[in-house]
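Have a look at entry_4.pdb below; it lists PDB, C-alpha atoms.
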```pdb
ATOM      1  CA  MET A   1       1.572 -28.196 -32.056  1.00  0.00           C
ATOM      2  CA  THR A   2       2.902 -25.022 -33.443  1.00  0.00           C
ATOM      3  CA  SER A   3       5.590 -23.148 -31.632  1.00  0.00           C
ATOM      4  CA  SER A   4       5.558 -19.441 -31.464  1.00  0.00           C
ATOM      5  CA  ALA A   5       8.723 -17.470 -31.083  1.00  0.00           C
ATOM      6  CA  ILE A   6       8.875 -14.826 -28.404  1.00  0.00           C
ATOM      7  CA  SER A   7      10.212 -11.698 -29.884  1.00  0.00           C
ATOM      8  CA  SER A   8      11.944  -8.985 -27.916  1.00  0.00           C
ATOM      9  CA  PRO A   9      13.274  -5.640 -28.948  1.00  0.00           C
ATOM     10  CA  PRO A  10      16.881  -5.769 -30.142  1.00  0.00           C
ATOM     11  CA  ASP A  11      17.868  -3.090 -27.599  1.00  0.00           C
ATOM     12  CA  ALA A  12      16.746  -5.273 -24.677  1.00  0.00           C
ATOM     13  CA  ILE A  13      18.927  -8.136 -25.885  1.00  0.00           C
ATOM     14  CA  ALA A  14      21.904  -5.828 -26.368  1.00  0.00           C
ATOM     15  CA  ASN A  15      21.486  -4.339 -22.878  1.00  0.00           C
ATOM     16  CA  PHE A  16      21.164  -7.779 -21.308  1.00  0.00           C
ATOM     17  CA  GLU A  17      24.302  -9.027 -23.026  1.00  0.00           C
ATOM     18  CA  THR A  18      26.392  -6.012 -22.012  1.00  0.00           C
ATOM     19  CA  ALA A  19      25.080  -5.704 -18.447  1.00  0.00           C
ATOM     20  CA  ALA A  20      27.646  -6.169 -15.697  1.00  0.00           C
ATOM     21  CA  ALA A  21      27.731  -9.504 -13.948  1.00  0.00           C
ATOM     22  CA  PRO A  22      26.313  -9.553 -10.413  1.00  0.00           C
ATOM     23  CA  ALA A  23      28.752  -8.261  -7.831  1.00  0.00           C
ATOM     24  CA  THR A  24      30.669 -10.783  -5.764  1.00  0.00           C
ATOM     25  CA  ALA A  25      30.460 -10.797  -1.966  1.00  0.00           C
ATOM     26  CA  VAL A  26      33.858  -9.058  -1.835  1.00  0.00           C
ATOM     27  CA  ASP A  27      32.604  -6.382  -4.233  1.00  0.00           C
ATOM     28  CA  ARG A  28      29.481  -5.830  -2.114  1.00  0.00           C
ATOM     29  CA  ILE A  29      31.519  -5.542   1.111  1.00  0.00           C
ATOM     30  CA  GLU A  30      34.025  -3.161  -0.523  1.00  0.00           C
ATOM     31  CA  ALA A  31      31.162  -1.031  -1.858  1.00  0.00           C
ATOM     32  CA  ALA A  32      29.423  -0.960   1.534  1.00  0.00           C
ATOM     33  CA  VAL A  33      32.580   0.108   3.391  1.00  0.00           C
ATOM     34  CA  SER A  34      33.423   2.693   0.715  1.00  0.00           C
ATOM     35  CA  ALA A  35      29.964   4.240   1.223  1.00  0.00           C
ATOM     36  CA  GLY A  36      30.495   4.505   4.992  1.00  0.00           C
ATOM     37  CA  PRO A  37      31.240   2.375   8.040  1.00  0.00           C
ATOM     38  CA  LEU A  38      29.954  -1.188   7.969  1.00  0.00           C
ATOM     39  CA  LYS A  39      28.394  -1.987  11.368  1.00  0.00           C
ATOM     40  CA  PHE A  40      27.183  -5.256  12.840  1.00  0.00           C
ATOM     41  CA  GLY A  41      26.648  -6.862  16.219  1.00  0.00           C
ATOM     42  CA  PHE A  42      27.060 -10.325  17.677  1.00  0.00           C
ATOM     43  CA  ARG A  43      27.311 -12.229  20.975  1.00  0.00           C
ATOM     44  CA  TYR A  44      30.402 -13.986  22.310  1.00  0.00           C
ATOM     45  CA  LEU A  45      30.557 -15.757  25.695  1.00  0.00           C
ATOM     46  CA  ASP A  46      27.009 -14.506  26.215  1.00  0.00           C
ATOM     47  CA  LYS A  47      28.176 -10.862  25.981  1.00  0.00           C
ATOM     48  CA  SER A  48      27.118  -8.255  23.405  1.00  0.00           C
ATOM     49  CA  PHE A  49      29.643  -6.851  20.947  1.00  0.00           C
ATOM     50  CA  ARG A  50      29.401  -4.199  18.224  1.00  0.00           C
ATOM     51  CA  ALA A  51      31.826  -4.092  15.327  1.00  0.00           C
ATOM     52  CA  THR A  52      32.569  -1.318  12.866  1.00  0.00           C
ATOM     53  CA  VAL A  53      34.639  -1.695   9.705  1.00  0.00           C
ATOM     54  CA  THR A  54      36.063   1.492   8.198  1.00  0.00           C
ATOM     55  CA  ARG A  55      38.361   2.206   5.318  1.00  0.00           C
ATOM     56  CA  ASP A  56      40.451   5.258   4.611  1.00  0.00           C
ATOM     57  CA  GLU A  57      43.759   6.034   2.963  1.00  0.00           C
ATOM     58  CA  GLY A  58      43.896   2.553   1.452  1.00  0.00           C
ATOM     59  CA  ARG A  59      43.675   0.759   4.814  1.00  0.00           C
ATOM     60  CA  ALA A  60      40.807  -1.063   6.500  1.00  0.00           C
ATOM     61  CA  ARG A  61      40.252  -1.232  10.245  1.00  0.00           C
ATOM     62  CA  LEU A  62      37.946  -3.258  12.483  1.00  0.00           C
ATOM     63  CA  MET A  63      36.871  -1.635  15.746  1.00  0.00           C
ATOM     64  CA  LEU A  64      35.234  -3.851  18.334  1.00  0.00           C
ATOM     65  CA  HIS A  65      33.262  -2.694  21.390  1.00  0.00           C
ATOM     66  CA  GLY A  66      31.784  -4.972  24.031  1.00  0.00           C
ATOM     67  CA  HIS A  67      29.470  -4.530  27.003  1.00  0.00           C
ATOM     68  CA  LEU A  68      30.468  -7.218  29.481  1.00  0.00           C
ATOM     69  CA  GLY A  69      27.987  -6.358  32.220  1.00  0.00           C
ATOM     70  CA  ASP A  70      27.519  -3.815  35.000  1.00  0.00           C
ATOM     71  CA  LEU A  71      29.680  -3.263  38.048  1.00  0.00           C
ATOM     72  CA  PRO A  72      27.716  -4.689  40.988  1.00  0.00           C
ATOM     73  CA  PHE A  73      26.770  -2.486  43.919  1.00  0.00           C
ATOM     74  CA  THR A  74      28.511  -3.175  47.220  1.00  0.00           C
ATOM     75  CA  ALA A  75      25.176  -4.348  48.679  1.00  0.00           C
ATOM     76  CA  GLN A  76      24.931  -6.957  45.908  1.00  0.00           C
ATOM     77  CA  SER A  77      28.389  -8.390  46.519  1.00  0.00           C
ATOM     78  CA  ALA A  78      31.212  -6.453  48.142  1.00  0.00           C
ATOM     79  CA  PRO A  79      33.858  -9.093  47.253  1.00  0.00           C
ATOM     80  CA  ALA A  80      32.777  -9.237  43.594  1.00  0.00           C
ATOM     81  CA  ARG A  81      32.757  -5.435  43.332  1.00  0.00           C
ATOM     82  CA  ALA A  82      36.193  -5.136  44.950  1.00  0.00           C
ATOM     83  CA  GLY A  83      37.649  -7.879  42.750  1.00  0.00           C
ATOM     84  CA  LEU A  84      36.219  -6.362  39.594  1.00  0.00           C
ATOM     85  CA  LEU A  85      37.440  -2.865  40.482  1.00  0.00           C
ATOM     86  CA  ARG A  86      40.914  -4.269  41.205  1.00  0.00           C
ATOM     87  CA  LEU A  87      40.865  -6.056  37.850  1.00  0.00           C
ATOM     88  CA  MET A  88      39.684  -2.951  36.003  1.00  0.00           C
ATOM     89  CA  ARG A  89      42.428  -0.820  37.613  1.00  0.00           C
ATOM     90  CA  SER A  90      45.171  -3.302  36.754  1.00  0.00           C
ATOM     91  CA  LYS A  91      47.075  -2.809  33.542  1.00  0.00           C
ATOM     92  CA  TYR A  92      45.864  -4.942  30.675  1.00  0.00           C
ATOM     93  CA  LYS A  93      48.892  -6.402  28.939  1.00  0.00           C
ATOM     94  CA  GLY A  94      47.077  -8.048  26.055  1.00  0.00           C
ATOM     95  CA  PRO A  95      47.071  -6.755  22.486  1.00  0.00           C
ATOM     96  CA  ALA A  96      44.486  -4.450  20.968  1.00  0.00           C
ATOM     97  CA  GLY A  97      42.309  -3.800  23.977  1.00  0.00           C
ATOM     98  CA  ARG A  98      41.172  -1.322  26.569  1.00  0.00           C
ATOM     99  CA  PHE A  99      38.895  -2.343  29.435  1.00  0.00           C
ATOM    100  CA  GLU A 100      37.071   0.442  31.268  1.00  0.00           C
ATOM    101  CA  LEU A 101      34.084   1.449  33.344  1.00  0.00           C
ATOM    102  CA  GLY A 102      31.652   3.453  31.269  1.00  0.00           C
ATOM    103  CA  PRO A 103      28.543   5.435  32.054  1.00  0.00           C
ATOM    104  CA  ASN A 104      26.249   3.845  34.627  1.00  0.00           C
ATOM    105  CA  GLN A 105      29.092   1.554  35.769  1.00  0.00           C
ATOM    106  CA  ALA A 106      29.051  -0.495  32.558  1.00  0.00           C
ATOM    107  CA  VAL A 107      32.091  -2.758  32.138  1.00  0.00           C
ATOM    108  CA  LEU A 108      33.261  -2.045  28.589  1.00  0.00           C
ATOM    109  CA  VAL A 109      36.008  -3.273  26.293  1.00  0.00           C
ATOM    110  CA  HIS A 110      37.284  -1.589  23.124  1.00  0.00           C
ATOM    111  CA  GLY A 111      39.790  -2.829  20.603  1.00  0.00           C
ATOM    112  CA  HIS A 112      40.848  -2.650  16.982  1.00  0.00           C
ATOM    113  CA  CYS A 113      42.932  -4.359  14.332  1.00  0.00           C
ATOM    114  CA  GLY A 114      43.888  -3.842  10.725  1.00  0.00           C
ATOM    115  CA  LEU A 115      42.209  -5.908   8.015  1.00  0.00           C
ATOM    116  CA  GLU A 116      43.615  -7.356   4.812  1.00  0.00           C
ATOM    117  CA  LEU A 117      42.446  -5.886   1.521  1.00  0.00           C
ATOM    118  CA  PRO A 118      40.328  -6.579  -0.407  1.00  0.00           C
ATOM    119  CA  LEU A 119      37.794  -6.866   2.376  1.00  0.00           C
ATOM    120  CA  SER A 120      35.906 -10.120   2.716  1.00  0.00           C
ATOM    121  CA  ALA A 121      33.471 -11.550   5.221  1.00  0.00           C
ATOM    122  CA  ALA A 122      36.074 -14.170   6.178  1.00  0.00           C
ATOM    123  CA  GLY A 123      38.700 -11.458   6.724  1.00  0.00           C
ATOM    124  CA  ILE A 124      36.365  -9.407   8.921  1.00  0.00           C
ATOM    125  CA  VAL A 125      35.427 -12.451  11.010  1.00  0.00           C
ATOM    126  CA  ALA A 126      39.107 -13.429  11.305  1.00  0.00           C
ATOM    127  CA  GLY A 127      39.896  -9.937  12.630  1.00  0.00           C
ATOM    128  CA  ALA A 128      37.130 -10.150  15.229  1.00  0.00           C
ATOM    129  CA  VAL A 129      38.262 -13.638  16.282  1.00  0.00           C
ATOM    130  CA  GLU A 130      41.870 -12.428  16.617  1.00  0.00           C
ATOM    131  CA  ILE A 131      40.777  -9.694  19.042  1.00  0.00           C
ATOM    132  CA  LEU A 132      38.374 -11.933  20.991  1.00  0.00           C
ATOM    133  CA  ILE A 133      40.973 -14.675  21.463  1.00  0.00           C
ATOM    134  CA  ALA A 134      43.396 -12.087  22.837  1.00  0.00           C
ATOM    135  CA  TRP A 135      40.688 -10.907  25.276  1.00  0.00           C
ATOM    136  CA  ARG A 136      39.372 -14.354  26.238  1.00  0.00           C
ATOM    137  CA  ASP A 137      41.215 -14.714  29.564  1.00  0.00           C
ATOM    138  CA  ARG A 138      40.459 -11.167  30.692  1.00  0.00           C
ATOM    139  CA  ILE A 139      36.784 -11.517  29.741  1.00  0.00           C
ATOM    140  CA  GLY A 140      36.721 -14.797  31.686  1.00  0.00           C
ATOM    141  CA  GLU A 141      38.099 -13.077  34.808  1.00  0.00           C
ATOM    142  CA  ILE A 142      35.539 -10.281  34.509  1.00  0.00           C
ATOM    143  CA  ALA A 143      32.723 -12.792  33.937  1.00  0.00           C
ATOM    144  CA  ALA A 144      33.768 -14.690  37.087  1.00  0.00           C
ATOM    145  CA  HIS A 145      33.339 -11.528  39.195  1.00  0.00           C
ATOM    146  CA  LEU A 146      30.041 -10.673  37.503  1.00  0.00           C
ATOM    147  CA  ASN A 147      28.765 -14.224  38.053  1.00  0.00           C
ATOM    148  CA  GLU A 148      29.803 -14.053  41.708  1.00  0.00           C
ATOM    149  CA  ALA A 149      27.758 -10.863  42.078  1.00  0.00           C
ATOM    150  CA  ALA A 150      24.794 -12.413  40.272  1.00  0.00           C
ATOM    151  CA  ALA A 151      24.877 -15.420  42.589  1.00  0.00           C
ATOM    152  CA  ALA A 152      25.183 -13.306  45.754  1.00  0.00           C
ATOM    153  CA  PRO A 153      21.533 -12.139  45.994  1.00  0.00           C
ATOM    154  CA  ALA A 154      20.296 -15.708  45.569  1.00  0.00           C
ATOM    155  CA  SER A 155      22.510 -16.924  48.413  1.00  0.00           C
ATOM    156  CA  ALA A 156      21.442 -14.000  50.629  1.00  0.00           C
ATOM    157  CA  GLU A 157      17.779 -14.793  49.966  1.00  0.00           C
ATOM    158  CA  SER A 158      18.287 -18.478  50.734  1.00  0.00           C
ATOM    159  CA  SER A 159      20.111 -17.591  53.985  1.00  0.00           C
ATOM    160  CA  ALA A 160      17.208 -15.366  55.010  1.00  0.00           C
ATOM    161  CA  SER A 161      14.669 -18.091  54.294  1.00  0.00           C
ATOM    162  CA  GLU A 162      16.781 -20.659  56.183  1.00  0.00           C
ATOM    163  CA  TRP A 163      16.933 -18.300  59.180  1.00  0.00           C
ATOM    164  CA  SER A 164      13.173 -17.728  59.180  1.00  0.00           C
ATOM    165  CA  GLU A 165      12.524 -21.483  59.040  1.00  0.00           C
ATOM    166  CA  THR A 166      14.925 -22.319  61.877  1.00  0.00           C
ATOM    167  CA  ALA A 167      14.255 -19.341  64.146  1.00  0.00           C
ATOM    168  CA  ASP A 168      12.067 -20.005  67.168  1.00  0.00           C
ATOM    169  CA  PRO A 169       8.827 -18.160  66.825  1.00  0.00           C
ATOM    170  CA  ILE A 170       8.024 -15.839  69.656  1.00  0.00           C
ATOM    171  CA  SER A 171       4.968 -17.126  71.372  1.00  0.00           C
ATOM    172  CA  PRO A 172       2.445 -14.735  72.862  1.00  0.00           C
ATOM    173  CA  GLU A 173       2.586 -16.600  76.154  1.00  0.00           C
ATOM    174  CA  SER A 174       6.254 -15.938  76.764  1.00  0.00           C
TER
END
```

For the file at hand, write its structure as structure tokens.
Amino acid sequence: MTSSAISSPPDAIANFETAAAPATAVDRIEAAVSAGPLKFGFRYLDKSFRATVTRDEGRARLMLHGHLGDLPFTAQSAPARAGLLRLMRSKYKGPAGRFELGPNQAVLVHGHCGLELPLSAAGIVAGAVEILIAWRDRIGEIAAHLNEAAAAPASAESSASEWSETADPISPES
């Protein structure tokens, strides 16, 4: 068998040899944040969170926003609504957080932290975990009130069905 050599233009070889190596993950993250905010979303304790990473003046910052649920109506569960409102009005003493009622009675949380440079995926995740661990107890208290409200309609419906099954029907003869 004869072998044939593949020839290529000398310029192509020179360009290939001098081309920059592929960017590392850190380089790609740094480039993305330098071009504008890096945004992503995730779920924690079955709640939705949005994160934004920004960089300016040589510092990087992670901002975290969560939607924990909606304030229940009094008709859904008066005790859960009252407890949640009391909790939302109380001062939050934890780090890096602000809990509030937003538009349409959404229960929201906002927080931020600084990030180490150079930015890395591990550093961004560590920042988010730091904030979420600080919020864990407060989110748990809020979730307990929201779960109480969610369970209330089911218990009201079951009480109504129990009443209809045990109530004496009115007979036409009486």

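In this model, the gap between CA of His67 (chain A) and CA of Cys113 (chain A) comes to 18.5 Å.
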
Provide the CA of Leu115 (chain A) to CA of Tyr92 (chain A) distance in Å, to one decimal place.
23.0 Å

Between CA of Leu45 (chain A) and CA of Leu132 (chain A), what is the distance, to one decimal in Å?
9.9 Å

Please determine, counting all atoms listed in the file, which residue among A:Ala143, A:Ala122, A:Val33, A:Leu101 has the shortest atom-to-atom distance to Gly58 (chain A).
A:Val33

Within 12 Å of (41.0, -0.3, 5.4), only C-alpha atoms: residues as a PyMOL selection string?
chain A and resi 29-30+33-34+36-38+52-63+112-120+123-124

Around region 36-45 of chain A, fit a box with edges along x, y and z, padding it by 5 Å on each side, then list its centre and edge lengths in Å to one decimal as lines of an AutoDock Vina configuration file.
```
center_x = 28.9
center_y = -5.6
center_z = 15.3
size_x = 14.6
size_y = 30.3
size_z = 30.7
```

Evaluate the PyMOL selection byres ((chain A and resi 77) around 12) against this structure - the residues, as a ChimeraX atom specification, please.
/A:71-76,78-84,145-156

Selected residue of minimal separation from Gly111 (chain A) among A:Ala51, A:Ile142, A:Ala126, A:Val26, counting all atoms listed in the file
A:Ala51

How would you write, as a count of residues only, the residues chosen by the PyMOL selection byres ((chain A and resi 98) around 7) on this structure?
6

Hey, which of A:Pro103, A:Ala144, A:Phe42, A:Arg89 ends up closest to Ala128 (chain A)? Count only C-alpha atoms.
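Counting only C-alpha atoms, the residue closest to Ala128 (chain A) is A:Phe42.
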
Matched chain/residue IDs from the PyMOL selection byres ((chain A and resi 70) around 6), as a tab-separated table (two decimals) with C-alpha atoms, in the coordinates of the input:
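The result, written out as expr.tsv:
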```tsv
chain	number	residue	atom	x	y	z
A	69	GLY	CA	27.99	-6.36	32.22
A	71	LEU	CA	29.68	-3.26	38.05
A	105	GLN	CA	29.09	1.55	35.77
A	106	ALA	CA	29.05	-0.50	32.56
A	107	VAL	CA	32.09	-2.76	32.14
```

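The smallest atom-to-atom distance between Leu87 (chain A) and any of A:Gly41, A:Gly102, A:Gly140, A:Gly127, using all atoms listed in the file, is found for A:Gly140.
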